[in-house]
>>> print(open('my_file_27.cif').read())   # mmCIF, C-alpha atoms
data_structure
#
loop_
_atom_site.label_atom_id
_atom_site.label_comp_id
_atom_site.auth_asym_id
_atom_site.auth_seq_id
_atom_site.Cartn_x
_atom_site.Cartn_y
_atom_site.Cartn_z
CA MET B 1 -37.06 -60.48 12.61
CA GLN B 2 -36.58 -59.28 16.21
CA GLN B 3 -32.80 -59.47 15.69
CA MET B 4 -33.14 -57.38 12.53
CA ALA B 5 -35.26 -54.82 14.40
CA ASN B 6 -32.57 -54.60 17.11
CA GLN B 7 -29.91 -54.09 14.45
CA LEU B 8 -31.98 -51.27 12.97
CA PHE B 9 -32.25 -49.67 16.42
CA GLN B 10 -28.47 -49.76 16.82
CA LYS B 11 -28.06 -48.19 13.36
CA THR B 12 -30.48 -45.46 14.39
CA ILE B 13 -28.45 -44.79 17.53
CA ARG B 14 -25.27 -44.46 15.45
CA ARG B 15 -27.04 -41.96 13.18
CA TRP B 16 -28.26 -39.87 16.15
CA VAL B 17 -24.82 -39.32 17.63
CA PRO B 18 -23.41 -37.18 14.75
CA PHE B 19 -26.60 -35.08 14.73
CA TRP B 20 -26.39 -34.47 18.46
CA ARG B 21 -22.71 -33.64 18.26
CA ASP B 22 -23.67 -30.73 16.04
CA VAL B 23 -25.63 -29.13 18.88
CA PRO B 24 -23.59 -26.08 20.00
CA GLN B 25 -21.14 -26.99 22.74
CA GLN B 26 -20.79 -24.21 25.31
CA HIS B 27 -17.96 -25.42 27.49
CA ASP B 28 -17.93 -22.16 29.39
CA LEU B 29 -21.37 -23.06 30.74
CA LEU B 30 -20.91 -26.76 31.48
CA GLU B 31 -18.40 -29.54 31.56
CA LYS B 32 -18.65 -32.79 29.63
CA LEU B 33 -20.87 -35.36 31.35
CA SER B 34 -19.01 -38.62 31.96
CA LEU B 35 -20.90 -41.64 33.32
CA ASP B 36 -20.12 -45.28 34.00
CA PRO B 37 -22.20 -47.52 31.66
CA GLN B 38 -24.11 -48.98 34.61
CA LEU B 39 -24.45 -45.60 36.38
CA ASN B 40 -22.81 -46.02 39.79
CA ASN B 41 -23.81 -44.14 42.97
CA ALA B 42 -21.40 -41.26 42.38
CA ASP B 43 -22.71 -40.88 38.84
CA GLU B 44 -26.27 -40.58 40.11
CA LYS B 45 -25.37 -37.46 42.11
CA VAL B 46 -23.67 -35.92 39.07
CA LEU B 47 -26.66 -36.78 36.89
CA LEU B 48 -29.14 -35.17 39.30
CA THR B 49 -27.06 -31.97 39.30
CA TRP B 50 -27.03 -32.03 35.50
CA MET B 51 -30.80 -32.56 35.24
CA ASP B 52 -31.38 -29.72 37.71
CA ALA B 53 -29.30 -27.44 35.49
CA CYS B 54 -31.38 -28.42 32.44
CA LEU B 55 -34.62 -27.60 34.23
CA LYS B 56 -33.41 -24.27 35.65
CA ASP B 57 -32.29 -22.98 32.21
CA ASN B 58 -29.07 -21.65 33.70
CA GLY B 59 -27.30 -19.78 30.92
CA GLY B 60 -30.39 -19.59 28.71
CA GLU B 61 -32.20 -21.87 26.26
CA VAL B 62 -29.14 -22.71 24.15
CA ALA B 63 -27.27 -23.93 27.22
CA ALA B 64 -30.30 -26.01 28.29
CA ARG B 65 -30.48 -27.52 24.81
CA THR B 66 -26.79 -28.37 24.98
CA ARG B 67 -27.20 -30.06 28.35
CA ALA B 68 -30.21 -32.04 27.11
CA ALA B 69 -28.18 -33.20 24.09
CA GLU B 70 -25.40 -34.36 26.39
CA LEU B 71 -27.94 -36.20 28.57
CA GLY B 72 -29.31 -37.95 25.49
CA ARG B 73 -25.86 -39.01 24.34
CA ARG B 74 -24.97 -40.38 27.75
CA PHE B 75 -28.30 -42.26 28.03
CA LEU B 76 -27.54 -44.05 24.75
CA ASP B 77 -24.13 -45.08 26.13
CA LEU B 78 -25.58 -46.74 29.24
CA ASN B 79 -26.14 -50.47 29.56
CA ASP B 80 -29.46 -51.96 30.68
CA THR B 81 -28.72 -51.47 34.37
CA GLY B 82 -27.61 -47.90 33.80
CA ARG B 83 -30.73 -47.05 31.81
CA VAL B 84 -33.02 -48.38 34.52
CA ARG B 85 -31.20 -46.20 37.07
CA PHE B 86 -31.33 -43.16 34.76
CA LEU B 87 -35.07 -43.52 34.21
CA THR B 88 -35.69 -44.22 37.91
CA LEU B 89 -33.92 -40.98 38.82
CA MET B 90 -36.26 -39.07 36.51
CA ALA B 91 -39.31 -40.86 37.91
CA ASP B 92 -38.38 -40.47 41.59
CA ASN B 93 -36.90 -36.98 41.70
CA TYR B 94 -38.86 -34.95 39.16
CA SER B 95 -42.44 -35.86 39.94
CA VAL B 96 -45.16 -33.47 41.12
CA ASP B 97 -44.23 -31.44 44.20
CA GLU B 98 -46.90 -32.78 46.58
CA VAL B 99 -46.41 -30.02 49.17
CA GLN B 100 -46.87 -27.28 46.58
CA LEU B 101 -49.82 -29.10 45.01
CA THR B 102 -51.53 -29.49 48.40
CA GLN B 103 -51.11 -25.77 49.12
CA VAL B 104 -52.59 -24.78 45.75
CA ILE B 105 -55.54 -27.17 46.17
CA GLU B 106 -56.27 -25.79 49.63
CA SER B 107 -56.13 -22.23 48.29
CA TRP B 108 -58.44 -23.18 45.43
CA LEU B 109 -60.95 -24.82 47.78
CA ALA B 110 -60.98 -21.78 50.07
CA ALA B 111 -61.34 -19.27 47.22
CA ASP B 112 -64.57 -17.87 45.78
CA SER B 113 -65.51 -18.40 42.15
CA GLY B 114 -63.79 -15.22 40.98
CA GLN B 115 -60.49 -16.11 42.65
CA ARG B 116 -60.59 -19.70 41.38
CA VAL B 117 -60.29 -18.53 37.78
CA HIS B 118 -56.84 -17.14 38.54
CA LEU B 119 -55.83 -20.12 40.68
CA GLU B 120 -56.62 -22.61 37.87
CA VAL B 121 -53.45 -21.63 36.02
CA GLU B 122 -51.42 -22.15 39.18
CA LEU B 123 -53.14 -25.49 39.76
CA ARG B 124 -52.36 -26.72 36.25
CA SER B 125 -48.73 -25.73 36.73
CA ALA B 126 -48.54 -27.58 40.05
CA LEU B 127 -49.98 -30.72 38.44
CA GLU B 128 -47.25 -30.75 35.77
CA PRO B 129 -44.21 -32.77 36.91
CA PRO B 130 -40.84 -31.09 36.21
CA ARG B 131 -39.70 -34.08 34.13
CA MET B 132 -42.19 -33.05 31.42
CA LYS B 133 -39.98 -30.06 30.67
CA LEU B 134 -36.92 -32.28 30.42
CA LEU B 135 -38.71 -34.65 28.04
CA THR B 136 -39.78 -31.68 25.93
CA GLN B 137 -36.15 -30.50 25.73
CA PHE B 138 -35.23 -33.85 24.19
CA ASN B 139 -37.89 -33.32 21.54
CA GLU B 140 -36.20 -30.12 20.38
CA LEU B 141 -33.03 -31.98 19.40
CA PRO B 142 -32.24 -33.44 15.96
CA GLN B 143 -33.88 -36.90 15.92
CA GLY B 144 -35.16 -36.11 19.42
CA ILE B 145 -38.71 -37.31 18.83
CA LYS B 146 -37.44 -40.72 17.70
CA PHE B 147 -35.28 -40.80 20.81
CA LEU B 148 -38.40 -40.29 22.97
CA VAL B 149 -40.42 -42.89 21.04
CA ASP B 150 -37.69 -45.45 21.71
CA MET B 151 -37.40 -44.33 25.33
CA ARG B 152 -41.09 -45.09 25.83
CA ALA B 153 -40.62 -48.49 24.19
CA GLU B 154 -37.96 -49.18 26.81
CA LEU B 155 -40.26 -47.98 29.59
CA LEU B 156 -43.07 -50.25 28.38
CA ARG B 157 -40.71 -53.22 28.63
CA LEU B 158 -39.46 -52.21 32.07
CA ARG B 159 -42.54 -50.99 33.92
CA LYS B 160 -43.83 -54.42 34.98
CA GLU B 161 -40.55 -55.30 36.68
CA HIS B 162 -40.03 -51.70 37.82
CA PRO B 163 -43.49 -50.28 38.69
CA LYS B 164 -41.99 -46.97 39.82
CA LEU B 165 -41.41 -46.18 36.14
CA ALA B 166 -45.15 -46.33 35.28
CA PRO B 167 -45.83 -42.61 35.97
CA LEU B 168 -42.89 -41.59 33.77
CA GLU B 169 -44.19 -43.83 30.98
CA ALA B 170 -47.66 -42.26 31.34
CA ASP B 171 -46.18 -38.75 31.10
CA LEU B 172 -44.29 -39.68 27.97
CA LYS B 173 -47.38 -41.26 26.42
CA ARG B 174 -49.30 -38.03 27.05
CA LEU B 175 -46.63 -36.01 25.25
CA LEU B 176 -46.40 -38.39 22.31
CA SER B 177 -50.20 -38.52 21.96
CA ALA B 178 -50.20 -34.76 21.39
CA TRP B 179 -47.19 -34.77 19.07
CA PHE B 180 -48.59 -37.65 16.97
CA ASP B 181 -52.03 -36.18 16.42
CA ILE B 182 -53.59 -37.70 13.29
CA GLY B 183 -53.73 -34.28 11.65
CA LEU B 184 -49.91 -34.16 11.62
CA LEU B 185 -49.41 -37.55 9.97
CA GLN B 186 -48.79 -38.10 6.27
CA MET B 187 -49.88 -41.20 4.36
CA GLU B 188 -47.44 -42.44 1.72
CA GLU B 189 -47.38 -45.45 -0.58
CA ILE B 190 -44.39 -47.77 -0.22
CA ASN B 191 -43.36 -49.59 -3.39
CA TRP B 192 -40.37 -51.39 -4.87
CA ARG B 193 -38.89 -48.02 -5.89
CA SER B 194 -38.81 -46.80 -2.28
CA SER B 195 -35.41 -46.45 -0.63
CA ALA B 196 -33.53 -49.58 0.43
CA GLU B 197 -33.46 -48.18 3.97
CA LEU B 198 -37.26 -47.99 4.08
CA LEU B 199 -37.71 -51.43 2.52
CA GLU B 200 -35.32 -52.87 5.09
CA LYS B 201 -37.50 -51.41 7.84
CA LEU B 202 -40.61 -52.89 6.25
CA ILE B 203 -39.02 -56.34 6.54
CA ALA B 204 -37.98 -55.73 10.16
CA TYR B 205 -41.30 -54.25 11.33
CA GLU B 206 -43.71 -56.70 9.65
CA ALA B 207 -45.49 -58.19 12.65
CA VAL B 208 -48.26 -60.39 11.18
CA HIS B 209 -46.73 -62.49 8.39
CA ALA B 210 -42.93 -62.38 8.51
CA ILE B 211 -41.27 -61.35 5.25
CA GLN B 212 -38.96 -64.24 4.39
CA SER B 213 -36.76 -62.67 1.72
CA TRP B 214 -36.32 -59.77 -0.66
CA ASN B 215 -38.21 -61.79 -3.28
CA ASP B 216 -41.07 -62.18 -0.81
CA LEU B 217 -41.07 -58.41 -0.26
CA LYS B 218 -40.97 -57.72 -4.00
CA ASN B 219 -43.98 -59.99 -4.46
CA ARG B 220 -45.88 -58.04 -1.78
CA LEU B 221 -45.15 -54.80 -3.63
CA ASP B 222 -46.05 -56.06 -7.12
CA SER B 223 -48.56 -54.39 -9.42
CA ASP B 224 -51.55 -56.23 -7.90
CA ARG B 225 -50.56 -55.19 -4.37
CA ARG B 226 -50.39 -51.94 -2.43
CA CYS B 227 -48.66 -50.90 0.78
CA PHE B 228 -49.38 -47.66 2.62
CA ALA B 229 -47.85 -46.18 5.77
CA PHE B 230 -48.22 -43.21 8.08
CA PHE B 231 -45.19 -40.98 8.65
CA HIS B 232 -44.54 -38.08 11.03
CA PRO B 233 -42.80 -34.95 9.65
CA ASN B 234 -40.13 -35.24 12.36
CA MET B 235 -39.55 -38.93 11.61
CA PRO B 236 -39.70 -38.93 7.79
CA LYS B 237 -37.74 -42.17 7.34
CA GLU B 238 -39.57 -44.14 10.03
CA PRO B 239 -42.97 -45.71 9.24
CA LEU B 240 -45.33 -45.53 12.22
CA ILE B 241 -47.83 -48.11 10.99
CA PHE B 242 -48.32 -49.76 7.61
CA VAL B 243 -50.94 -51.86 5.88
CA GLU B 244 -50.45 -54.40 3.08
CA VAL B 245 -53.26 -54.85 0.57
CA ALA B 246 -53.96 -57.46 -2.13
CA LEU B 247 -56.26 -56.59 -5.05
CA VAL B 248 -58.14 -59.79 -5.92
CA LYS B 249 -61.37 -61.17 -7.29
CA GLY B 250 -63.60 -62.44 -4.50
CA MET B 251 -62.94 -62.85 -0.79
CA ALA B 252 -59.50 -64.34 -0.05
CA ASN B 253 -59.51 -67.32 2.30
CA ASN B 254 -55.89 -68.53 2.50
CA VAL B 255 -52.86 -66.43 3.33
CA GLN B 256 -50.30 -68.87 1.90
CA GLU B 257 -52.05 -68.64 -1.47
CA LEU B 258 -52.20 -64.87 -1.14
CA LEU B 259 -48.44 -64.67 -0.49
CA ASP B 260 -47.37 -67.36 -2.98
CA GLU B 261 -44.48 -65.91 -4.97
CA ALA B 262 -45.14 -68.37 -7.82
CA ALA B 263 -48.80 -67.36 -8.21
CA PRO B 264 -49.63 -65.42 -11.38
CA LEU B 265 -50.30 -61.69 -11.14
CA GLU B 266 -53.91 -60.74 -10.63
CA ASP B 267 -55.57 -58.70 -13.37
CA ILE B 268 -56.25 -55.59 -11.30
CA GLY B 269 -58.73 -54.45 -13.92
CA GLN B 270 -60.87 -57.44 -12.89
CA ALA B 271 -60.24 -57.10 -9.16
CA ASP B 272 -63.41 -56.42 -7.17
CA THR B 273 -62.02 -56.83 -3.63
CA ALA B 274 -59.27 -55.18 -1.61
CA ILE B 275 -57.94 -57.55 1.06
CA PHE B 276 -56.08 -55.99 3.99
CA TYR B 277 -53.94 -58.94 5.01
CA SER B 278 -51.40 -57.30 7.33
CA ILE B 279 -51.48 -54.23 9.57
CA SER B 280 -48.28 -53.69 11.55
CA ASN B 281 -47.40 -51.09 14.16
CA ALA B 282 -43.78 -50.21 13.46
CA GLN B 283 -42.97 -48.23 16.62
CA GLU B 284 -43.33 -50.05 19.93
CA GLY B 285 -43.01 -46.71 21.71
CA LEU B 286 -46.32 -45.57 20.16
CA SER B 287 -48.34 -48.51 21.53
CA GLY B 288 -51.74 -47.36 22.77
CA ILE B 289 -51.68 -44.26 20.54
CA SER B 290 -54.20 -45.28 17.93
CA PHE B 291 -54.08 -44.28 14.30
CA GLY B 292 -54.65 -47.66 12.61
CA ASN B 293 -58.34 -46.92 12.11
CA PHE B 294 -57.51 -43.65 10.37
CA LEU B 295 -55.00 -45.41 8.12
CA ILE B 296 -57.57 -48.00 6.98
CA LYS B 297 -60.13 -45.32 6.15
CA ARG B 298 -57.60 -43.25 4.21
CA VAL B 299 -56.42 -46.32 2.30
CA VAL B 300 -60.02 -47.21 1.40
CA LYS B 301 -60.53 -43.70 0.06
CA GLN B 302 -57.28 -43.85 -1.94
CA LEU B 303 -58.14 -47.26 -3.44
CA GLN B 304 -61.64 -46.13 -4.35
CA GLN B 305 -60.16 -43.27 -6.34
CA GLU B 306 -57.59 -45.50 -8.08
CA PHE B 307 -59.89 -48.51 -8.64
CA PRO B 308 -63.53 -47.41 -8.74
CA GLN B 309 -64.64 -50.98 -9.60
CA LEU B 310 -63.73 -52.27 -6.13
CA ALA B 311 -66.92 -53.47 -4.44
CA GLN B 312 -65.55 -55.06 -1.25
CA PHE B 313 -63.03 -54.01 1.38
CA ALA B 314 -62.16 -56.80 3.78
CA THR B 315 -59.36 -58.32 5.80
CA LEU B 316 -57.84 -61.76 6.06
CA SER B 317 -56.92 -61.64 9.73
CA PRO B 318 -55.33 -63.90 12.34
CA ILE B 319 -57.09 -64.93 15.54
CA PRO B 320 -54.13 -64.58 17.90
CA GLY B 321 -55.84 -65.38 21.20
CA PHE B 322 -58.01 -68.32 20.19
CA CYS B 323 -55.83 -71.29 21.23
CA HIS B 324 -54.82 -69.57 24.46
CA TRP B 325 -58.50 -69.09 25.35
CA LEU B 326 -59.36 -72.64 24.24
CA ASP B 327 -56.63 -74.12 26.43
CA GLY B 328 -58.09 -72.26 29.40
CA ILE B 329 -61.63 -73.68 29.28
CA ASP B 330 -62.58 -77.10 30.68
CA ALA B 331 -64.41 -79.94 28.96
CA VAL B 332 -67.75 -79.02 30.51
CA GLN B 333 -67.56 -75.44 29.23
CA GLU B 334 -66.46 -76.68 25.83
CA SER B 335 -69.30 -79.19 25.52
CA ALA B 336 -71.86 -76.56 26.50
CA LEU B 337 -70.88 -74.51 23.45
CA LEU B 338 -71.32 -77.37 20.96
CA ASP B 339 -74.20 -78.92 19.09
CA GLU B 340 -74.94 -82.56 19.77
CA GLY B 341 -73.18 -84.89 17.38
CA LEU B 342 -70.11 -82.74 16.80
CA THR B 343 -66.87 -84.66 17.24
CA LEU B 344 -64.53 -83.02 19.72
CA ARG B 345 -61.80 -81.00 18.01
CA SER B 346 -63.32 -81.58 14.57
CA PRO B 347 -63.17 -78.69 12.06
CA GLU B 348 -66.85 -77.94 12.67
CA HIS B 349 -66.27 -77.97 16.40
CA LEU B 350 -63.29 -75.61 16.21
CA GLN B 351 -65.03 -73.17 13.88
CA LYS B 352 -68.03 -73.01 16.18
CA LEU B 353 -65.77 -72.35 19.15
CA ALA B 354 -63.86 -69.71 17.16
CA ALA B 355 -67.13 -67.97 16.27
CA HIS B 356 -68.05 -67.96 19.97
CA TYR B 357 -64.60 -66.66 20.92
CA LEU B 358 -64.70 -63.80 18.40
CA GLY B 359 -68.33 -62.82 18.76
CA GLU B 360 -69.09 -63.40 22.44
CA GLN B 361 -65.95 -63.59 24.57
CA LYS B 362 -65.23 -60.23 26.23
CA GLN B 363 -62.27 -58.49 27.80
CA LYS B 364 -61.95 -58.76 31.58
CA ARG B 365 -61.42 -55.00 31.87
CA ASN B 366 -64.36 -54.04 29.68
CA GLN B 367 -67.26 -56.42 29.19
CA ASN B 368 -68.43 -54.51 26.12
CA PHE B 369 -65.33 -55.23 24.07
CA ALA B 370 -64.15 -58.35 22.25
CA ARG B 371 -61.49 -60.38 24.01
CA ASP B 372 -59.46 -60.98 20.87
CA PRO B 373 -57.26 -57.90 20.19
CA VAL B 374 -57.53 -58.09 16.41
CA ALA B 375 -61.31 -58.51 16.61
CA HIS B 376 -61.51 -55.52 18.96
CA PHE B 377 -59.45 -53.41 16.55
CA HIS B 378 -61.61 -54.13 13.51
CA LEU B 379 -64.95 -54.04 15.33
CA SER B 380 -64.10 -50.67 16.86
CA ASN B 381 -63.33 -49.46 13.33
CA GLY B 382 -66.78 -50.49 12.10
CA ALA B 383 -66.14 -53.89 10.52
CA GLN B 384 -68.38 -56.97 10.56
CA ILE B 385 -67.19 -60.49 11.41
CA GLU B 386 -67.87 -61.99 8.00
CA ARG B 387 -66.43 -65.50 7.60
CA LEU B 388 -64.21 -68.07 9.29
CA ASN B 389 -61.68 -69.84 7.07
CA TRP B 390 -60.47 -73.34 7.96
CA MET B 391 -56.73 -74.01 7.42
CA ALA B 392 -56.25 -70.50 6.10
CA ASP B 393 -52.82 -70.14 7.71
CA THR B 394 -50.83 -73.36 7.93
CA SER B 395 -47.64 -71.69 9.11
CA GLU B 396 -46.21 -72.70 12.49
CA ASN B 397 -47.50 -69.49 14.04
CA GLY B 398 -50.93 -69.81 12.42
CA LEU B 399 -51.39 -73.33 13.77
CA LYS B 400 -50.12 -72.33 17.21
CA GLN B 401 -52.41 -69.30 17.50
CA ALA B 402 -55.65 -70.56 16.02
CA GLU B 403 -55.36 -74.12 14.70
CA GLY B 404 -54.73 -72.58 11.25
CA MET B 405 -57.98 -70.59 11.18
CA MET B 406 -58.30 -67.01 9.99
CA VAL B 407 -61.25 -64.65 9.75
CA ASN B 408 -62.50 -62.12 7.21
CA TYR B 409 -63.66 -58.79 8.63
CA LEU B 410 -65.83 -56.93 6.13
CA TYR B 411 -65.87 -53.15 5.89
CA GLU B 412 -69.19 -52.21 4.33
CA LEU B 413 -68.79 -48.49 3.68
CA PRO B 414 -72.41 -47.39 4.34
CA HIS B 415 -72.37 -49.10 7.74
CA ILE B 416 -68.86 -48.37 9.05
CA GLU B 417 -69.75 -45.39 11.23
CA SER B 418 -72.94 -46.87 12.73
CA ARG B 419 -71.24 -50.19 13.51
CA SER B 420 -68.26 -48.43 15.05
CA GLN B 421 -70.55 -46.34 17.27
CA GLY B 422 -72.69 -49.34 18.23
CA TYR B 423 -69.64 -51.35 19.24
CA SER B 424 -67.91 -48.52 21.12
CA ALA B 425 -71.04 -47.44 23.01
CA GLU B 426 -72.85 -50.73 23.60
CA GLY B 427 -70.45 -53.51 22.65
CA LYS B 428 -72.69 -54.48 19.73
CA VAL B 429 -70.84 -56.92 17.47
CA ALA B 430 -71.78 -56.94 13.78
CA LEU B 431 -72.09 -60.55 12.52
CA SER B 432 -72.72 -62.02 9.09
CA VAL B 433 -75.52 -64.54 8.57
CA SER B 434 -73.02 -67.42 8.43
CA ILE B 435 -71.43 -66.46 11.77
CA GLU B 436 -74.89 -66.05 13.33
CA LYS B 437 -75.76 -69.58 12.24
CA GLN B 438 -72.62 -70.94 13.87
CA LEU B 439 -73.71 -69.19 17.05
CA ASN B 440 -77.31 -70.47 16.69
CA LYS B 441 -78.65 -66.91 16.55
#
>>> encode(input="my_file_27.cif", output="structure tokens")
Amino acid sequence: MQQMANQLFQKTIRRWVPFWRDVPQQHDLLEKLSLDPQLNNADEKVLLTWMDACLKDNGGEVAARTRAAELGRRFLDLNDTGRVRFLTLMADNYSVDEVQLTQVIESWLAADSGQRVHLEVELRSALEPPRMKLLTQFNELPQGIKFLVDMRAELLRLRKEHPKLAPLEADLKRLLSAWFDIGLLQMEEINWRSSAELLEKLIAYEAVHAIQSWNDLKNRLDSDRRCFAFFHPNMPKEPLIFVEVALVKGMANNVQELLDEAAPLEDIGQADTAIFYSISNAQEGLSGISFGNFLIKRVVKQLQQEFPQLAQFATLSPIPGFCHWLDGIDAVQESALLDEGLTLRSPEHLQKLAAHYLGEQKQKRNQNFARDPVAHFHLSNGAQIERLNWMADTSENGLKQAEGMMVNYLYELPHIESRSQGYSAEGKVALSVSIEKQLNK
């Protein structure tokens, strides 16, 4: 699936180039930018001159737009080494002017309250790094916002090895957070009649339960299933996040049964439960910009209108961090969490440990929040940890992540907001009676 996603990225690049070639070329204002794929030392000097020209708007806005388009084209032509150097140039040379910022801060501190009002504008301007303008120029190009989303995805992959790129990534996240405000997003249903291009992306971007074939995809889009996604007006053919839903009778407890292509169609007239069995972020460059909770709530509202008989909204979710956490505790810690008489690594033992992991293990950075990322996502959205399911996912990944266990998170509509607030403010985890019993509460 990763290979397919990479192929899609290359196709996207090939589609961008014709669009960007249509940007007016004003050869009287600039020469064509030519760079070695790995961006040698001489190229770096040329590139800095070019970026300076973009920021100074020499020749007006059209000329700046043309230069930015040329920069984007050349960035796409660079190899990995060249892209690191390109991004490092932006990070190192177009940050905040510390001398200017210091002068403005000193003036602000020395001013009286009346003068400070006027200096605030100057202070905000001094705090804005020049590269923000360059990033914004990219956004004005055809397919420019997708270009920036993918640029941030690259920065996220690079920043650990190249910590100097972290401020540039943070700047880009700030821009994208504003441009991808939830009020600008559109929810659409994806079905078997959707374009082949979109269906291909659904296969590539599915991150929870890999889609094995076109028949598998068709089964997931059958009459007893629904799939919804958020789209941005400037990226109409690119899903941002999507959720797959099964309409069933009763709480689902096994994902292989849920995805069985040979299983008979459910009578949706008899369905009383909507099971959210996969939620996938499709754009790596939008990581940390949350709209999954809004998607779930909009989908619930849509399904209520279409199927008023639905009484339950729940998930069948993986427990991705369980085995990693379990491998990190010693025998003494493990025994302390168990009742007497339980056989080590028995199903009862593992379920009790999983209940402890989901309900009581916290993040190192924030002791209010659940350690497991999927648990944190659903608890912050107002769900309750409802039920653990033994051997619910017998795939290789399911066994590797959580010994085959999965969990149902229940969204009880009257309690969603209060549970979300309780978790966000106090770290209060909503537990069903069965989970409380496993935790001896």
>>> closest_residue(input="my_file_27.cif", among="B:Lys297, B:Arg73, B:Arg83, B:Lys201", to="Glu154 of chain B", atoms="all atoms listed in the file")
B:Arg83
>>> resolve_selection(input="my_file_27.cif", expression="the PyMOL selection byres ((chain B and resi 90) around 10)", output="PyMOL selection string")
chain B and resi 47-48+51+85-89+91-95+130-132+134-135+165+168
>>> write_last_selection(input="my_file_27.cif", atoms="C-alpha atoms", output="mmCIF file, in the frame of the given file")
data_model
loop_
_atom_site.group_PDB
_atom_site.id
_atom_site.type_symbol
_atom_site.label_atom_id
_atom_site.label_comp_id
_atom_site.auth_asym_id
_atom_site.auth_seq_id
_atom_site.Cartn_x
_atom_site.Cartn_y
_atom_site.Cartn_z
ATOM 1 C CA LEU B 47 -26.660 -36.780 36.890
ATOM 2 C CA LEU B 48 -29.140 -35.170 39.300
ATOM 3 C CA MET B 51 -30.800 -32.560 35.240
ATOM 4 C CA ARG B 85 -31.200 -46.200 37.070
ATOM 5 C CA PHE B 86 -31.330 -43.160 34.760
ATOM 6 C CA LEU B 87 -35.070 -43.520 34.210
ATOM 7 C CA THR B 88 -35.690 -44.220 37.910
ATOM 8 C CA LEU B 89 -33.920 -40.980 38.820
ATOM 9 C CA ALA B 91 -39.310 -40.860 37.910
ATOM 10 C CA ASP B 92 -38.380 -40.470 41.590
ATOM 11 C CA ASN B 93 -36.900 -36.980 41.700
ATOM 12 C CA TYR B 94 -38.860 -34.950 39.160
ATOM 13 C CA SER B 95 -42.440 -35.860 39.940
ATOM 14 C CA PRO B 130 -40.840 -31.090 36.210
ATOM 15 C CA ARG B 131 -39.700 -34.080 34.130
ATOM 16 C CA MET B 132 -42.190 -33.050 31.420
ATOM 17 C CA LEU B 134 -36.920 -32.280 30.420
ATOM 18 C CA LEU B 135 -38.710 -34.650 28.040
ATOM 19 C CA LEU B 165 -41.410 -46.180 36.140
ATOM 20 C CA LEU B 168 -42.890 -41.590 33.770
#
>>> resolve_selection(input="my_file_27.cif", expression="the PyMOL selection byres ((chain B and resi 427) around 8)", output="PyMOL selection string")
chain B and resi 367-370+422-426+428-429
>>> write_last_selection(input="my_file_27.cif", atoms="C-alpha atoms", output="short mmCIF file (atom, residue, chain, number, x, y, z; two decimals), in the frame of the given file")
data_model
loop_
_atom_site.label_atom_id
_atom_site.label_comp_id
_atom_site.auth_asym_id
_atom_site.auth_seq_id
_atom_site.Cartn_x
_atom_site.Cartn_y
_atom_site.Cartn_z
CA GLN B 367 -67.26 -56.42 29.19
CA ASN B 368 -68.43 -54.51 26.12
CA PHE B 369 -65.33 -55.23 24.07
CA ALA B 370 -64.15 -58.35 22.25
CA GLY B 422 -72.69 -49.34 18.23
CA TYR B 423 -69.64 -51.35 19.24
CA SER B 424 -67.91 -48.52 21.12
CA ALA B 425 -71.04 -47.44 23.01
CA GLU B 426 -72.85 -50.73 23.60
CA LYS B 428 -72.69 -54.48 19.73
CA VAL B 429 -70.84 -56.92 17.47
#
>>> residues_around(input="my_file_27.cif", residues="Pro320 of chain B", least_positions_apart="5", cutoff="9 Å", atoms="all atoms listed in the file", output="list in words")
Asp372, Pro373, Val374, Gly398, Lys400, Gln401 and Ala402 of chain B
>>> write_last_selection(input="my_file_27.cif", atoms="C-alpha atoms", output="compact mmCIF listing (two decimals), in the coordinates of the input")
# COMPACT_ATOMS: atom_id res chain seq x y z
CA ASP B 372 -59.46 -60.98 20.87
CA PRO B 373 -57.26 -57.90 20.19
CA VAL B 374 -57.53 -58.09 16.41
CA GLY B 398 -50.93 -69.81 12.42
CA LYS B 400 -50.12 -72.33 17.21
CA GLN B 401 -52.41 -69.30 17.50
CA ALA B 402 -55.65 -70.56 16.02
>>> resolve_selection(input="my_file_27.cif", expression="the PyMOL selection byres ((chain B and resi 123) around 12)", output="ChimeraX atom specification")
/B:96-98,100-109,116-122,124-129
>>> atom_distance(input="my_file_27.cif", atom1="atom CA of Asn254 of chain B", atom2="atom CA of Leu303 of chain B")
22.2 Å
